[in-house]
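**Student:** If you scroll down you'll find the structure; I have some questions about it.
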Amino acid sequence: MVRVTSTDRRTALRTGAGLLAAGAFTAGCATSGAVAHPARSPRPAAANPSATESPSTEPPAPGPRRYPGRPAQLTHGSRSRPRVALTFHGQGDPAIARAILTEAEKHGAQITVLAVGTWLDQHPELARRVLDGGHDLGNHTQRHLDVNGMSEADARAEITACADRLKQLTGSIGTWFRPSRAPRASPLVARLARGAGYPHVLSFDVDSLDFTKPGADAVTRKVLAEVRNGSVVSLHFGYPDTVAALPAVLEELTRRGLSAVTTTELFS
């Protein structure tokens, strides 16, 4: 009979524990694919959200506000206060979107992003990127089609699908609704937007025409020729001309004493 000492017992226990741990690691890596995602540790609650289908763990974003005495469709703010709102149709290359956000923040400006739902489907992390920069985030329909030309059922679906996507990502349907493919909403679309939770439709009084790709200098001239107290300026993500024009626009606004603020602040 072999005599087993206490030292031998401790050695055997340590060896067995090591084999069990190795077995668990092997079982985790043996799932389909090179990385066993289910075996990962849960992400800490404080981590920044990434491109994921899961709802944001951040506090809910601001929702729409009602502005008593204001019309159902808003084109500009007070002409007596030196503030303007730069609003961007949220679609296109995410690198350009990030560049515009960074440039605005570098100049101490806040902007309003009206996001297209399918764009948020492709780049969900940008919803929180907009909000983390102190900017407004709103609804620009799900697919950016001619919403004014749709049937009631189809138009409602375009508005609510984007609202639902925003709510999933941020906890809110967004602060504003702007119709796609038109500066103003038809009476039907305005009514459907109210039914979806947006008391006002956001229009604009300055169109940069950046989507026509006229060149950065032309975008700058167009905006600065028309902007004044209370203006709401229509711009777009997705166009390099807009990125190139933005520094000159922001610098001239500052020189004129005009603050670039969120649309919520403009109307507050």
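In the structure tokens, chains take the letters A, B, ... in the order shown, each chain's residues start at 1, and ligands count up from 1 in the order shown.
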Please provide as number ranges by chain all residues within 7 Å of segment 252-266 of chain A, with the sequence filter that same-chain residues fewer than 6 positions apart are discarded (counting only C-alpha atoms).
**Tutor:** A: 77, 82-86, 109-112, 135-136, 230
**Student:** Excluding segment 62-73 of chain A and any residue of its chain fewer than 5 positions from it, enumerate the residues within 12 Å of it, using only C-alpha atoms, and give them as a ChimeraX atom specification.
**Tutor:** /A:78,131,134-139,163,166-167,170-179,183-187,189-191,193-194,196-205,263-268
**Student:** Mind dumping a table of every segment 140-226 of chain A residue within 7 Å of segment 114-118 of chain A, with the nearest atom pair and its distance in Å to one decimal, using only C-alpha atoms, sorted by chain and rising number, as a Markdown table?
**Tutor:**
```
| residue | atom | partner | partner_atom | distance |
| --- | --- | --- | --- | --- |
| A:His140 | CA | A:Val116 | CA | 5.0 |
| A:Thr141 | CA | A:Val116 | CA | 5.5 |
| A:Gln142 | CA | A:Gly117 | CA | 4.0 |
| A:Arg143 | CA | A:Thr118 | CA | 5.8 |
| A:His144 | CA | A:Val116 | CA | 6.3 |
| A:Cys162 | CA | A:Gly117 | CA | 4.6 |
| A:Arg165 | CA | A:Gly117 | CA | 6.5 |
| A:Arg178 | CA | A:Leu114 | CA | 6.9 |
```
**Student:** Okay, now the selection with N, CA and C atoms, as a tab-separated table (two decimals), in the first residue's frame?
**Tutor:**
```
chain	number	residue	atom	x	y	z
A	140	HIS	N	-36.20	62.08	-38.34
A	140	HIS	CA	-36.30	62.50	-39.75
A	140	HIS	C	-36.86	61.38	-40.62
A	141	THR	N	-37.79	60.64	-40.06
A	141	THR	CA	-38.48	59.49	-40.67
A	141	THR	C	-37.55	58.27	-40.75
A	142	GLN	N	-38.15	57.14	-41.02
A	142	GLN	CA	-37.40	55.89	-41.00
A	142	GLN	C	-36.52	55.70	-42.23
A	143	ARG	N	-37.04	56.03	-43.44
A	143	ARG	CA	-36.29	55.71	-44.66
A	143	ARG	C	-35.97	56.92	-45.53
A	144	HIS	N	-36.32	58.11	-45.08
A	144	HIS	CA	-36.04	59.34	-45.82
A	144	HIS	C	-36.68	59.33	-47.21
A	162	CYS	N	-39.15	55.39	-36.84
A	162	CYS	CA	-37.96	56.14	-36.41
A	162	CYS	C	-38.08	56.53	-34.93
A	165	ARG	N	-37.17	53.59	-32.88
A	165	ARG	CA	-35.73	53.31	-32.89
A	165	ARG	C	-34.99	54.27	-31.96
A	178	ARG	N	-38.83	66.29	-38.18
A	178	ARG	CA	-38.77	67.03	-39.44
A	178	ARG	C	-39.15	66.08	-40.57
```
**Student:** Name the residues in contact with Ala97 of chain A at a cut-off of 9 Å, using only C-alpha atoms, excluding same-chain residues fewer than 6 positions from it; report them as a list in words.
**Tutor:**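 Residues meeting the cut-off are Gly90, Gln91, Leu126, His236, Phe237, Gly238 and Val243 of chain A.
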**Student:** Generate the output file for the selected residues, all heavy atoms, as a compact mmCIF listing (two decimals), in the first residue's frame.
**Tutor:**
```
# COMPACT_ATOMS: atom_id res chain seq x y z
N GLY A 90 -29.58 63.73 -40.50
CA GLY A 90 -28.67 62.68 -40.04
C GLY A 90 -28.69 61.46 -40.93
O GLY A 90 -29.52 60.56 -40.74
N GLN A 91 -27.76 61.44 -41.87
CA GLN A 91 -27.65 60.31 -42.79
C GLN A 91 -26.27 60.39 -43.44
O GLN A 91 -25.64 61.44 -43.44
CB GLN A 91 -28.74 60.40 -43.87
CG GLN A 91 -28.97 59.14 -44.67
CD GLN A 91 -30.15 59.28 -45.64
OE1 GLN A 91 -30.47 60.39 -46.06
NE2 GLN A 91 -30.78 58.18 -45.99
N LEU A 126 -24.08 56.26 -32.91
CA LEU A 126 -24.07 57.71 -33.16
C LEU A 126 -25.18 58.44 -32.42
O LEU A 126 -25.08 59.64 -32.18
CB LEU A 126 -24.15 57.98 -34.66
CG LEU A 126 -22.87 57.66 -35.43
CD1 LEU A 126 -23.06 57.86 -36.93
CD2 LEU A 126 -21.72 58.53 -34.93
N HIS A 236 -26.62 69.14 -43.89
CA HIS A 236 -26.66 67.69 -43.98
C HIS A 236 -25.36 67.06 -43.51
O HIS A 236 -24.28 67.57 -43.81
CB HIS A 236 -26.91 67.24 -45.43
CG HIS A 236 -28.27 67.58 -45.96
ND1 HIS A 236 -28.61 68.86 -46.33
CD2 HIS A 236 -29.36 66.80 -46.19
CE1 HIS A 236 -29.86 68.86 -46.78
NE2 HIS A 236 -30.34 67.62 -46.69
N PHE A 237 -25.48 65.90 -42.85
CA PHE A 237 -24.35 65.00 -42.72
C PHE A 237 -24.15 64.34 -44.09
O PHE A 237 -25.06 64.30 -44.91
CB PHE A 237 -24.63 63.90 -41.69
CG PHE A 237 -24.57 64.34 -40.25
CD1 PHE A 237 -25.03 63.49 -39.24
CD2 PHE A 237 -24.06 65.56 -39.89
CE1 PHE A 237 -24.97 63.86 -37.91
CE2 PHE A 237 -23.99 65.95 -38.56
CZ PHE A 237 -24.45 65.10 -37.57
N GLY A 238 -22.98 63.80 -44.31
CA GLY A 238 -22.79 63.00 -45.52
C GLY A 238 -22.15 63.72 -46.68
O GLY A 238 -21.91 63.12 -47.72
N VAL A 243 -18.53 69.72 -44.15
CA VAL A 243 -17.44 69.68 -43.16
C VAL A 243 -16.45 70.81 -43.42
O VAL A 243 -16.03 71.51 -42.50
CB VAL A 243 -16.70 68.32 -43.22
CG1 VAL A 243 -15.61 68.28 -42.17
CG2 VAL A 243 -17.66 67.17 -43.03
```
**Student:** Using only C-alpha atoms, pick whichever of A:Ala95, A:Leu246, A:Met150, A:Ala61 has the shortest atom-to-atom distance to Asp132 of chain A.
**Tutor:**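 Closest to Asp132 of chain A, using only C-alpha atoms: A:Ala61.
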**Student:** When you draw a straight line from atom CA of Ser234 of chain A to atom CA of Thr87 of chain A, how long is it in Å?
**Tutor:**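 Pair atom CA of Ser234 of chain A / atom CA of Thr87 of chain A returns 5.3 Å.
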**Student:** List every residue of segment 29-254 of chain A that DSSP, applied to the backbone of this structure, places in strand (DSSP E or B), and write the result as a ChimeraX atom specification.
**Tutor:** /A:73-74,76,83-90,112-115,136-139,177,201-202,206-207,231-236
**Student:** Skipping near chain neighbours, those fewer than 3 positions away, what residues fall within 6 Å of segment 213-227 of chain A using only C-alpha atoms, listed as a PyMOL selection string?
**Tutor:** chain A and resi 208+210+231+241+244-245+249
**Student:** Could you save the residues just selected, with N, CA, C and O atoms, as an mmCIF file, in the first residue's frame?
**Tutor:**
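And here is the file that came out, result.cif:
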```cif
data_model
loop_
_atom_site.group_PDB
_atom_site.id
_atom_site.type_symbol
_atom_site.label_atom_id
_atom_site.label_comp_id
_atom_site.auth_asym_id
_atom_site.auth_seq_id
_atom_site.Cartn_x
_atom_site.Cartn_y
_atom_site.Cartn_z
ATOM 1 N N SER A 208 -29.010 75.684 -46.804
ATOM 2 C CA SER A 208 -27.617 75.769 -47.248
ATOM 3 C C SER A 208 -27.401 75.214 -48.653
ATOM 4 O O SER A 208 -26.408 75.533 -49.303
ATOM 5 N N ASP A 210 -26.384 72.415 -49.330
ATOM 6 C CA ASP A 210 -25.153 71.627 -49.341
ATOM 7 C C ASP A 210 -25.319 70.288 -50.041
ATOM 8 O O ASP A 210 -24.358 69.737 -50.592
ATOM 9 N N SER A 231 -32.502 82.326 -36.797
ATOM 10 C CA SER A 231 -32.558 81.441 -37.966
ATOM 11 C C SER A 231 -32.391 79.973 -37.595
ATOM 12 O O SER A 231 -31.642 79.617 -36.676
ATOM 13 N N ASP A 241 -18.391 68.846 -48.467
ATOM 14 C CA ASP A 241 -18.480 70.311 -48.550
ATOM 15 C C ASP A 241 -18.941 70.918 -47.233
ATOM 16 O O ASP A 241 -18.488 71.998 -46.839
ATOM 17 N N ALA A 244 -16.118 71.003 -44.706
ATOM 18 C CA ALA A 244 -15.138 72.025 -45.061
ATOM 19 C C ALA A 244 -15.672 73.434 -44.809
ATOM 20 O O ALA A 244 -14.905 74.346 -44.478
ATOM 21 N N ALA A 245 -16.985 73.620 -44.961
ATOM 22 C CA ALA A 245 -17.584 74.947 -44.778
ATOM 23 C C ALA A 245 -17.795 75.305 -43.319
ATOM 24 O O ALA A 245 -17.820 76.492 -42.963
ATOM 25 N N VAL A 249 -18.144 79.079 -41.274
ATOM 26 C CA VAL A 249 -19.492 79.484 -40.854
ATOM 27 C C VAL A 249 -19.497 79.787 -39.359
ATOM 28 O O VAL A 249 -20.005 80.837 -38.923
#
```
